[in-house]
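Chemist: PDB, C-alpha atoms, saved as start-v9.pdb, coming up:
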ATOM      1  CA  LEU V   1     -55.044 -57.808  15.799  1.00  0.00           C
ATOM      2  CA  THR V   2     -55.213 -61.601  15.756  1.00  0.00           C
ATOM      3  CA  ARG V   3     -58.970 -61.406  16.309  1.00  0.00           C
ATOM      4  CA  PHE V   4     -59.256 -59.542  13.008  1.00  0.00           C
ATOM      5  CA  GLY V   5     -57.173 -62.035  11.069  1.00  0.00           C
ATOM      6  CA  VAL V   6     -53.605 -60.791  11.507  1.00  0.00           C
ATOM      7  CA  ARG V   7     -51.037 -63.544  12.109  1.00  0.00           C
ATOM      8  CA  PRO V   8     -49.832 -63.711  15.758  1.00  0.00           C
ATOM      9  CA  ALA V   9     -46.185 -63.234  14.718  1.00  0.00           C
ATOM     10  CA  THR V  10     -47.106 -60.180  12.639  1.00  0.00           C
ATOM     11  CA  SER V  11     -49.205 -58.797  15.495  1.00  0.00           C
ATOM     12  CA  GLY V  12     -46.355 -59.140  17.978  1.00  0.00           C
ATOM     13  CA  ALA V  13     -43.830 -57.657  15.563  1.00  0.00           C
ATOM     14  CA  THR V  14     -46.135 -54.723  14.827  1.00  0.00           C
ATOM     15  CA  VAL V  15     -46.512 -53.893  18.519  1.00  0.00           C
ATOM     16  CA  VAL V  16     -42.737 -54.028  19.037  1.00  0.00           C
ATOM     17  CA  VAL V  17     -42.019 -51.722  16.084  1.00  0.00           C
ATOM     18  CA  VAL V  18     -44.819 -49.301  16.978  1.00  0.00           C
ATOM     19  CA  ILE V  19     -43.476 -48.949  20.530  1.00  0.00           C
ATOM     20  CA  THR V  20     -40.035 -48.239  19.074  1.00  0.00           C
ATOM     21  CA  ALA V  21     -41.515 -45.679  16.676  1.00  0.00           C
ATOM     22  CA  GLU V  22     -43.315 -44.004  19.566  1.00  0.00           C
ATOM     23  CA  ALA V  23     -40.110 -43.850  21.628  1.00  0.00           C
ATOM     24  CA  THR V  24     -38.259 -42.382  18.641  1.00  0.00           C
ATOM     25  CA  GLY V  25     -41.022 -39.844  18.082  1.00  0.00           C
ATOM     26  CA  GLN V  26     -40.887 -38.803  21.714  1.00  0.00           C
ATOM     27  CA  PHE V  27     -37.111 -38.447  21.471  1.00  0.00           C
ATOM     28  CA  LEU V  28     -37.492 -36.048  18.530  1.00  0.00           C
ATOM     29  CA  PHE V  29     -40.235 -34.172  20.387  1.00  0.00           C
ATOM     30  CA  SER V  30     -38.040 -33.918  23.495  1.00  0.00           C
ATOM     31  CA  LEU V  31     -35.131 -32.791  21.321  1.00  0.00           C
ATOM     32  CA  ALA V  32     -37.245 -29.900  20.056  1.00  0.00           C
ATOM     33  CA  GLY V  33     -38.420 -29.096  23.586  1.00  0.00           C
ATOM     34  CA  VAL V  34     -34.927 -29.101  25.079  1.00  0.00           C
ATOM     35  CA  ALA V  35     -33.799 -26.868  22.211  1.00  0.00           C
ATOM     36  CA  MET V  36     -36.615 -24.466  23.095  1.00  0.00           C
ATOM     37  CA  TRP V  37     -35.665 -24.590  26.774  1.00  0.00           C
ATOM     38  CA  ALA V  38     -32.002 -23.947  25.916  1.00  0.00           C
ATOM     39  CA  TRP V  39     -33.055 -20.982  23.810  1.00  0.00           C
ATOM     40  CA  LEU V  40     -35.309 -19.555  26.523  1.00  0.00           C
ATOM     41  CA  TYR V  41     -33.204 -20.444  29.584  1.00  0.00           C
ATOM     42  CA  PRO V  42     -29.646 -21.317  28.467  1.00  0.00           C
ATOM     43  CA  GLU V  43     -28.269 -21.280  32.037  1.00  0.00           C
ATOM     44  CA  SER V  44     -31.025 -23.398  33.544  1.00  0.00           C
ATOM     45  CA  ASP V  45     -30.223 -26.716  35.217  1.00  0.00           C
ATOM     46  CA  VAL V  46     -33.203 -28.138  33.329  1.00  0.00           C
ATOM     47  CA  THR V  47     -31.385 -27.502  30.055  1.00  0.00           C
ATOM     48  CA  ARG V  48     -28.265 -29.325  31.201  1.00  0.00           C
ATOM     49  CA  TRP V  49     -30.191 -32.315  32.534  1.00  0.00           C
ATOM     50  CA  GLY V  50     -32.318 -32.380  29.388  1.00  0.00           C
ATOM     51  CA  VAL V  51     -29.240 -32.564  27.179  1.00  0.00           C
ATOM     52  CA  ILE V  52     -27.793 -35.345  29.334  1.00  0.00           C
ATOM     53  CA  ALA V  53     -31.052 -37.299  29.120  1.00  0.00           C
ATOM     54  CA  LEU V  54     -31.096 -36.969  25.332  1.00  0.00           C
ATOM     55  CA  LEU V  55     -27.497 -38.168  25.060  1.00  0.00           C
ATOM     56  CA  VAL V  56     -28.365 -41.200  27.191  1.00  0.00           C
ATOM     57  CA  ALA V  57     -31.480 -41.878  25.101  1.00  0.00           C
ATOM     58  CA  ILE V  58     -29.552 -42.195  21.823  1.00  0.00           C
ATOM     59  CA  PRO V  59     -27.746 -45.482  22.651  1.00  0.00           C
ATOM     60  CA  VAL V  60     -30.899 -46.766  24.378  1.00  0.00           C
ATOM     61  CA  LEU V  61     -32.977 -46.290  21.219  1.00  0.00           C
ATOM     62  CA  ALA V  62     -30.234 -47.790  19.074  1.00  0.00           C
ATOM     63  CA  GLY V  63     -30.021 -50.742  21.464  1.00  0.00           C
ATOM     64  CA  MET V  64     -33.784 -51.291  21.225  1.00  0.00           C
ATOM     65  CA  VAL V  65     -33.568 -51.656  17.448  1.00  0.00           C
ATOM     66  CA  VAL V  66     -30.464 -53.871  17.552  1.00  0.00           C
ATOM     67  CA  VAL V  67     -31.976 -56.232  20.141  1.00  0.00           C
ATOM     68  CA  GLN V  68     -35.240 -56.496  18.196  1.00  0.00           C
ATOM     69  CA  ARG V  69     -33.366 -57.646  15.097  1.00  0.00           C
ATOM     70  CA  SER V  70     -31.024 -60.037  16.878  1.00  0.00           C
ATOM     71  CA  TRP V  71     -31.073 -63.700  17.854  1.00  0.00           C
ATOM     72  CA  PHE V  72     -32.447 -62.685  21.273  1.00  0.00           C
ATOM     73  CA  VAL V  73     -36.000 -62.261  19.923  1.00  0.00           C
ATOM     74  CA  HIS V  74     -35.867 -65.679  18.280  1.00  0.00           C
ATOM     75  CA  PHE V  75     -34.562 -67.117  21.544  1.00  0.00           C
ATOM     76  CA  LEU V  76     -37.559 -65.664  23.420  1.00  0.00           C
ATOM     77  CA  GLU V  77     -40.145 -66.919  20.939  1.00  0.00           C
ATOM     78  CA  THR V  78     -38.652 -70.431  20.908  1.00  0.00           C
ATOM     79  CA  LEU V  79     -38.164 -70.608  24.685  1.00  0.00           C
ATOM     80  CA  PRO V  80     -41.709 -71.916  25.473  1.00  0.00           C
ATOM     81  CA  SER V  81     -41.284 -74.793  23.003  1.00  0.00           C
ATOM     82  CA  ARG V  82     -37.941 -75.664  24.588  1.00  0.00           C
ATOM     83  CA  LEU V  83     -39.371 -75.646  28.096  1.00  0.00           C
ATOM     84  CA  MET V  84     -42.639 -77.379  27.140  1.00  0.00           C
ATOM     85  CA  PRO V  85     -41.916 -79.343  23.945  1.00  0.00           C
ATOM     86  CA  LYS V  86     -44.990 -81.539  24.307  1.00  0.00           C
ATOM     87  CA  SER V  87     -47.504 -78.716  24.717  1.00  0.00           C
ATOM     88  CA  TRP V  88     -45.946 -75.864  22.705  1.00  0.00           C
ATOM     89  CA  ASP V  89     -44.961 -76.122  19.046  1.00  0.00           C
ATOM     90  CA  ALA V  90     -41.730 -74.495  17.876  1.00  0.00           C
ATOM     91  CA  PRO V  91     -42.436 -71.451  15.671  1.00  0.00           C
ATOM     92  CA  ASP V  92     -41.424 -71.388  12.027  1.00  0.00           C
ATOM     93  CA  LEU V  93     -38.216 -69.342  11.738  1.00  0.00           C
ATOM     94  CA  GLU V  94     -39.250 -67.915   8.360  1.00  0.00           C
ATOM     95  CA  GLN V  95     -42.631 -66.759   9.666  1.00  0.00           C
ATOM     96  CA  GLY V  96     -41.820 -65.976  13.301  1.00  0.00           C
ATOM     97  CA  VAL V  97     -41.702 -62.698  15.185  1.00  0.00           C
ATOM     98  CA  LEU V  98     -38.062 -61.995  14.290  1.00  0.00           C
ATOM     99  CA  ALA V  99     -38.713 -62.455  10.575  1.00  0.00           C
ATOM    100  CA  SER V 100     -41.797 -60.230  10.815  1.00  0.00           C
ATOM    101  CA  ILE V 101     -39.852 -57.491  12.642  1.00  0.00           C
ATOM    102  CA  ASN V 102     -37.130 -57.518   9.978  1.00  0.00           C
ATOM    103  CA  ASP V 103     -39.784 -57.438   7.257  1.00  0.00           C
ATOM    104  CA  ILE V 104     -41.395 -54.345   8.800  1.00  0.00           C
ATOM    105  CA  TYR V 105     -38.068 -52.538   9.186  1.00  0.00           C
ATOM    106  CA  ARG V 106     -37.283 -53.182   5.521  1.00  0.00           C
ATOM    107  CA  ARG V 107     -40.259 -50.928   4.734  1.00  0.00           C
ATOM    108  CA  ARG V 108     -38.358 -47.835   5.785  1.00  0.00           C
ATOM    109  CA  GLY V 109     -40.863 -45.384   4.365  1.00  0.00           C
ATOM    110  CA  ARG V 110     -43.677 -46.800   6.480  1.00  0.00           C
ATOM    111  CA  VAL V 111     -41.535 -46.903   9.623  1.00  0.00           C
ATOM    112  CA  ALA V 112     -40.513 -43.276   9.032  1.00  0.00           C
ATOM    113  CA  ALA V 113     -44.171 -42.356   8.513  1.00  0.00           C
ATOM    114  CA  SER V 114     -45.048 -44.032  11.823  1.00  0.00           C
ATOM    115  CA  VAL V 115     -42.363 -42.020  13.629  1.00  0.00           C
ATOM    116  CA  ALA V 116     -43.599 -38.826  11.935  1.00  0.00           C
ATOM    117  CA  TRP V 117     -47.191 -39.459  13.018  1.00  0.00           C
ATOM    118  CA  HIS V 118     -46.044 -39.981  16.595  1.00  0.00           C
ATOM    119  CA  VAL V 119     -44.169 -36.666  16.481  1.00  0.00           C
ATOM    120  CA  VAL V 120     -47.335 -35.009  15.186  1.00  0.00           C
ATOM    121  CA  GLY V 121     -49.237 -36.589  18.079  1.00  0.00           C
ATOM    122  CA  TRP V 122     -46.790 -35.131  20.633  1.00  0.00           C
ATOM    123  CA  LEU V 123     -47.020 -31.710  18.971  1.00  0.00           C
ATOM    124  CA  VAL V 124     -50.823 -31.889  19.081  1.00  0.00           C
ATOM    125  CA  GLY V 125     -50.522 -32.657  22.800  1.00  0.00           C
ATOM    126  CA  ALA V 126     -48.426 -29.509  23.241  1.00  0.00           C
ATOM    127  CA  ALA V 127     -51.009 -27.524  21.266  1.00  0.00           C
ATOM    128  CA  GLU V 128     -53.676 -28.954  23.577  1.00  0.00           C
ATOM    129  CA  ALA V 129     -51.805 -27.562  26.583  1.00  0.00           C
ATOM    130  CA  TRP V 130     -51.336 -24.220  24.815  1.00  0.00           C
ATOM    131  CA  VAL V 131     -55.091 -23.959  24.157  1.00  0.00           C
ATOM    132  CA  GLY V 132     -55.847 -25.070  27.726  1.00  0.00           C
ATOM    133  CA  LEU V 133     -53.673 -22.319  29.191  1.00  0.00           C
ATOM    134  CA  PHE V 134     -55.318 -19.788  26.893  1.00  0.00           C
ATOM    135  CA  LEU V 135     -58.767 -20.839  28.124  1.00  0.00           C
ATOM    136  CA  LEU V 136     -57.525 -20.710  31.728  1.00  0.00           C
ATOM    137  CA  GLY V 137     -56.529 -17.076  31.187  1.00  0.00           C
ATOM    138  CA  MET V 138     -52.767 -17.675  31.415  1.00  0.00           C
ATOM    139  CA  PRO V 139     -51.547 -17.839  27.794  1.00  0.00           C
ATOM    140  CA  LEU V 140     -47.901 -18.679  27.078  1.00  0.00           C
ATOM    141  CA  ASP V 141     -45.889 -18.703  23.886  1.00  0.00           C
ATOM    142  CA  PHE V 142     -46.068 -22.033  22.080  1.00  0.00           C
ATOM    143  CA  ALA V 143     -42.290 -22.382  22.410  1.00  0.00           C
ATOM    144  CA  GLN V 144     -42.623 -22.191  26.195  1.00  0.00           C
ATOM    145  CA  VAL V 145     -45.424 -24.755  26.244  1.00  0.00           C
ATOM    146  CA  LEU V 146     -43.449 -27.057  23.954  1.00  0.00           C
ATOM    147  CA  ALA V 147     -40.438 -26.837  26.266  1.00  0.00           C
ATOM    148  CA  MET V 148     -42.557 -27.600  29.343  1.00  0.00           C
ATOM    149  CA  GLU V 149     -44.463 -30.484  27.735  1.00  0.00           C
ATOM    150  CA  SER V 150     -41.358 -32.178  26.396  1.00  0.00           C
ATOM    151  CA  ILE V 151     -39.627 -32.169  29.777  1.00  0.00           C
ATOM    152  CA  ILE V 152     -42.711 -33.355  31.695  1.00  0.00           C
ATOM    153  CA  PHE V 153     -43.491 -36.242  29.353  1.00  0.00           C
ATOM    154  CA  ALA V 154     -39.860 -37.266  29.191  1.00  0.00           C
ATOM    155  CA  ILE V 155     -40.030 -37.592  32.987  1.00  0.00           C
ATOM    156  CA  ARG V 156     -43.258 -39.581  32.650  1.00  0.00           C
ATOM    157  CA  SER V 157     -41.564 -42.025  30.323  1.00  0.00           C
ATOM    158  CA  VAL V 158     -38.606 -42.525  32.639  1.00  0.00           C
ATOM    159  CA  ALA V 159     -40.949 -43.076  35.599  1.00  0.00           C
ATOM    160  CA  PHE V 160     -43.105 -45.633  33.745  1.00  0.00           C
ATOM    161  CA  ILE V 161     -43.150 -47.829  36.843  1.00  0.00           C
ATOM    162  CA  ILE V 162     -45.631 -45.384  38.467  1.00  0.00           C
ATOM    163  CA  PRO V 163     -49.134 -46.181  37.113  1.00  0.00           C
ATOM    164  CA  GLY V 164     -50.324 -43.243  35.050  1.00  0.00           C
ATOM    165  CA  ALA V 165     -47.510 -41.133  36.549  1.00  0.00           C
ATOM    166  CA  ILE V 166     -50.045 -40.210  39.223  1.00  0.00           C
ATOM    167  CA  GLY V 167     -48.703 -37.321  41.254  1.00  0.00           C
ATOM    168  CA  LEU V 168     -45.546 -37.114  39.165  1.00  0.00           C
ATOM    169  CA  GLN V 169     -47.272 -35.393  36.260  1.00  0.00           C
ATOM    170  CA  GLU V 170     -49.024 -32.940  38.561  1.00  0.00           C
ATOM    171  CA  GLY V 171     -45.777 -32.146  40.363  1.00  0.00           C
ATOM    172  CA  GLY V 172     -44.012 -31.665  37.032  1.00  0.00           C
ATOM    173  CA  TYR V 173     -46.592 -29.170  35.817  1.00  0.00           C
ATOM    174  CA  MET V 174     -46.417 -27.238  39.060  1.00  0.00           C
ATOM    175  CA  LEU V 175     -42.605 -27.221  39.118  1.00  0.00           C
ATOM    176  CA  PHE V 176     -41.890 -26.356  35.498  1.00  0.00           C
ATOM    177  CA  GLY V 177     -45.002 -24.209  35.216  1.00  0.00           C
ATOM    178  CA  ALA V 178     -43.689 -22.064  38.076  1.00  0.00           C
ATOM    179  CA  MET V 179     -40.446 -21.574  36.142  1.00  0.00           C
ATOM    180  CA  LEU V 180     -42.565 -20.182  33.295  1.00  0.00           C
ATOM    181  CA  GLY V 181     -44.563 -17.933  35.603  1.00  0.00           C
ATOM    182  CA  LEU V 182     -47.681 -20.075  35.970  1.00  0.00           C
ATOM    183  CA  PRO V 183     -49.489 -19.985  39.323  1.00  0.00           C
ATOM    184  CA  THR V 184     -49.644 -23.343  41.084  1.00  0.00           C
ATOM    185  CA  GLU V 185     -53.413 -23.650  40.729  1.00  0.00           C
ATOM    186  CA  VAL V 186     -53.263 -22.999  36.971  1.00  0.00           C
ATOM    187  CA  ALA V 187     -50.517 -25.584  36.461  1.00  0.00           C
ATOM    188  CA  LEU V 188     -52.506 -28.131  38.472  1.00  0.00           C
ATOM    189  CA  ALA V 189     -55.661 -27.329  36.488  1.00  0.00           C
ATOM    190  CA  LEU V 190     -53.769 -27.923  33.235  1.00  0.00           C
ATOM    191  CA  SER V 191     -52.637 -31.324  34.474  1.00  0.00           C
ATOM    192  CA  LEU V 192     -56.229 -32.214  35.407  1.00  0.00           C
ATOM    193  CA  LEU V 193     -57.383 -31.173  31.937  1.00  0.00           C
ATOM    194  CA  LYS V 194     -54.865 -33.631  30.520  1.00  0.00           C
ATOM    195  CA  ARG V 195     -56.177 -36.320  32.865  1.00  0.00           C
ATOM    196  CA  GLY V 196     -59.699 -35.672  31.650  1.00  0.00           C
ATOM    197  CA  ARG V 197     -58.691 -36.252  28.046  1.00  0.00           C
ATOM    198  CA  GLU V 198     -56.854 -39.452  29.012  1.00  0.00           C
ATOM    199  CA  LEU V 199     -59.937 -40.735  30.846  1.00  0.00           C
ATOM    200  CA  ILE V 200     -62.238 -40.018  27.907  1.00  0.00           C
ATOM    201  CA  LEU V 201     -59.982 -41.804  25.422  1.00  0.00           C
ATOM    202  CA  GLY V 202     -59.125 -44.642  27.808  1.00  0.00           C
ATOM    203  CA  LEU V 203     -62.707 -45.382  28.811  1.00  0.00           C
ATOM    204  CA  SER V 204     -63.813 -45.214  25.167  1.00  0.00           C
ATOM    205  CA  ALA V 205     -61.160 -47.781  24.253  1.00  0.00           C
ATOM    206  CA  LEU V 206     -62.249 -50.079  27.091  1.00  0.00           C
ATOM    207  CA  LEU V 207     -65.883 -49.773  25.991  1.00  0.00           C
ATOM    208  CA  ALA V 208     -64.951 -50.612  22.396  1.00  0.00           C
ATOM    209  CA  TRP V 209     -62.953 -53.620  23.623  1.00  0.00           C
ATOM    210  CA  HIS V 210     -65.930 -54.783  25.704  1.00  0.00           C
ATOM    211  CA  LEU V 211     -68.279 -54.489  22.717  1.00  0.00           C
ATOM    212  CA  ILE V 212     -65.903 -56.462  20.488  1.00  0.00           C
ATOM    213  CA  GLU V 213     -65.520 -59.217  23.095  1.00  0.00           C
ATOM    214  CA  SER V 214     -69.283 -59.362  23.632  1.00  0.00           C
ATOM    215  CA  ALA V 215     -69.951 -59.625  19.909  1.00  0.00           C
ATOM    216  CA  THR V 216     -67.351 -62.385  19.602  1.00  0.00           C
ATOM    217  CA  ALA V 217     -68.861 -64.301  22.523  1.00  0.00           C
ATOM    218  CA  ARG V 218     -72.366 -64.060  21.008  1.00  0.00           C
ATOM    219  CA  SER V 219     -71.044 -65.238  17.643  1.00  0.00           C
ATOM    220  CA  ARG V 220     -69.393 -68.277  19.225  1.00  0.00           C
ATOM    221  CA  ALA V 221     -72.516 -69.055  21.218  1.00  0.00           C
ATOM    222  CA  ASN V 222     -74.683 -68.943  18.071  1.00  0.00           C
ATOM    223  CA  LYS V 223     -72.276 -71.222  16.217  1.00  0.00           C
ATOM    224  CA  GLY V 224     -72.289 -73.609  19.170  1.00  0.00           C
TER     225      GLY V 224
END
Please express the file's structure as C-alpha cells.
Modeler:
Amino acid sequence: LTRFGVRPATSGATVVVVITAEATGQFLFSLAGVAMWAWLYPESDVTRWGVIALLVAIPVLAGMVVVQRSWFVHFLETLPSRLMPKSWDAPDLEQGVLASINDIYRRRGRVAASVAWHVVGWLVGAAEAWVGLFLLGMPLDFAQVLAMESIIFAIRSVAFIIPGAIGLQEGGYMLFGAMLGLPTEVALALSLLKRGRELILGLSALLAWHLIESATARSRANKG
C-alpha cells in the first residue's frame, strides 16, 4: 500500500480493520453453519461445541475492536521512538495508526460492506465445495456443505499456529465428511481440491509481488 502512495499509518490501520472484518465475517459464516448443523444434527456433540466456540468468539471479537481503539495501539506505535529516540521519530498523534483506525471505524457503512464481502467470500468457498462434491459424484445438500465448511474453517482459524493447517484441514474433511456420509477418499479429494485453489491464488500473488518489486528496482536503477 505504501508503495502505491498510501500513508504508512493508513496502511497499517487498513490491515488491522480488514483482519477484524474478516474475523467478523467468519463468525457470521460459522454462525450460519452451526445453525445448519443444529438443524441437521441437534443432538450432535459438534453442535454443542460449535455453540460454545461461538459464545467464546463474541467477547474475543469485541475485545479486538476495543483494543484497536484504545491507548494500547498508540503505545505500540510510539514504543520504537521511546526505545530509540535518536534513530526513530515519534509519530504524529493526529495522523498515527490509532487516529487512522478510528477514522476508518467512523465510516460504518464501508466497514459493514467489508464484513459483508467477507461473508460472501466464505459462502462462495462453501459453494466451491458443493460443486466439487457434485463433480466427484457425491453431491450433498448445500446446507450440509455449509455446516461442514463452517466447522472446518473455524478449526483452521483456531489452529493458526500450524502453517496452512497442513494435515488438520484434511483430517477435518475426513472426520466431518464421514458424519455426512462421505467416503474417506472423497473427503480427502475435496480437501486437495481446496489446496489446489489456494496454490493457484497464492502463487499468482507471489508472482505479482515479484513483478512489482522488479519494476520498482528497475525504476530506481534508471533514476540512479
Chemist: Got a sec: who's within 9 Å of stretch 145-152 of chain V, counting all atoms listed in the file, leaving out chain neighbours fewer than 6 positions off, as a list in words?
Modeler: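 Using all atoms listed in the file, the neighbours found are Gln26, Phe29, Ser30, Leu31, Ala32, Gly33, Val34, Ala35, Met36, Trp37, Ala38, Leu40, Val46, Gly50, Trp122, Leu123, Gly125, Ala126, Ala127, Ala129, Trp130, Leu168, Gln169, Gly172, Tyr173, Phe176, Gly177 and Leu180 of chain V.
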Chemist: Excluding V:Ala21 and its own-chain neighbours fewer than 3 positions away, which residues fall within 10 Å of it when counting all atoms listed in the file? Please give them as a count of residues only.
Modeler: 19
Chemist: Between atom CA of V:Gly96 and atom CA of V:Leu76, what is the spacing in Å?
Modeler: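 Value for the atom CA of V:Leu76-atom CA of V:Gly96 distance: 11.0 Å.
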Chemist: On this file, the PyMOL selection byres ((chain V and resi 182) around 12) gives some set of residues; write that set as a compact mmCIF listing (two decimals) with C-alpha atoms, keeping the file's coordinate frame.
Modeler:
# COMPACT_ATOMS: atom_id res chain seq x y z
CA LEU V 133 -53.67 -22.32 29.19
CA PHE V 134 -55.32 -19.79 26.89
CA LEU V 136 -57.52 -20.71 31.73
CA GLY V 137 -56.53 -17.08 31.19
CA MET V 138 -52.77 -17.68 31.42
CA PRO V 139 -51.55 -17.84 27.79
CA LEU V 140 -47.90 -18.68 27.08
CA GLN V 144 -42.62 -22.19 26.20
CA VAL V 145 -45.42 -24.76 26.24
CA MET V 148 -42.56 -27.60 29.34
CA TYR V 173 -46.59 -29.17 35.82
CA MET V 174 -46.42 -27.24 39.06
CA LEU V 175 -42.60 -27.22 39.12
CA PHE V 176 -41.89 -26.36 35.50
CA GLY V 177 -45.00 -24.21 35.22
CA ALA V 178 -43.69 -22.06 38.08
CA MET V 179 -40.45 -21.57 36.14
CA LEU V 180 -42.56 -20.18 33.30
CA GLY V 181 -44.56 -17.93 35.60
CA PRO V 183 -49.49 -19.98 39.32
CA THR V 184 -49.64 -23.34 41.08
CA GLU V 185 -53.41 -23.65 40.73
CA VAL V 186 -53.26 -23.00 36.97
CA ALA V 187 -50.52 -25.58 36.46
CA LEU V 188 -52.51 -28.13 38.47
CA ALA V 189 -55.66 -27.33 36.49
CA LEU V 190 -53.77 -27.92 33.24
Chemist: Closest to V:Gly132 among V:Thr2, V:Ser11, V:Ser191, V:Thr216, using only C-alpha atoms?
Modeler: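 Checking each of V:Thr2, V:Ser11, V:Ser191, V:Thr216 against V:Gly132, counting only C-alpha atoms, the winner is V:Ser191.
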Chemist: Enter the distance from atom CA of V:Ala217 to atom CA of V:Val6, in Å, rounded to one decimal.
Modeler: 19.1 Å
Chemist: Skip V:Arg7 itself and residues of its chain fewer than 6 positions away, then list as a list in words all residues within 12 Å of it, counting all atoms listed in the file.
Modeler: Leu1, Ala13, Thr14, Gln95, Gly96, Val97 and Ser100 of chain V
Chemist: Grab the atom CA of V:Ile52 to atom CA of V:Ala154 distance for me, in Å with one decimal place.
Modeler: 12.2 Å
Chemist: Taking all atoms listed in the file into account, which of V:Gly171, V:Arg48, V:Leu203, V:Ile58 comes nearest V:Ile155?
Modeler: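 Of V:Gly171, V:Arg48, V:Leu203, V:Ile58, the one nearest V:Ile155 is V:Gly171, counting all atoms listed in the file.
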Chemist: So which one's closest to V:Lys194, V:Glu128, V:Glu43, V:Glu77, V:Asp103? Using all atoms listed in the file, please.
Modeler: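 Residue with the minimum atom-to-atom distance to V:Lys194: V:Glu128.
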Chemist: Evaluated on this file, the PyMOL selection byres ((chain V and resi 68) around 9) picks out some residues - which ones are they, written as a ChimeraX atom specification?
Modeler: /V:16-17,63-67,69-73,98,101-102
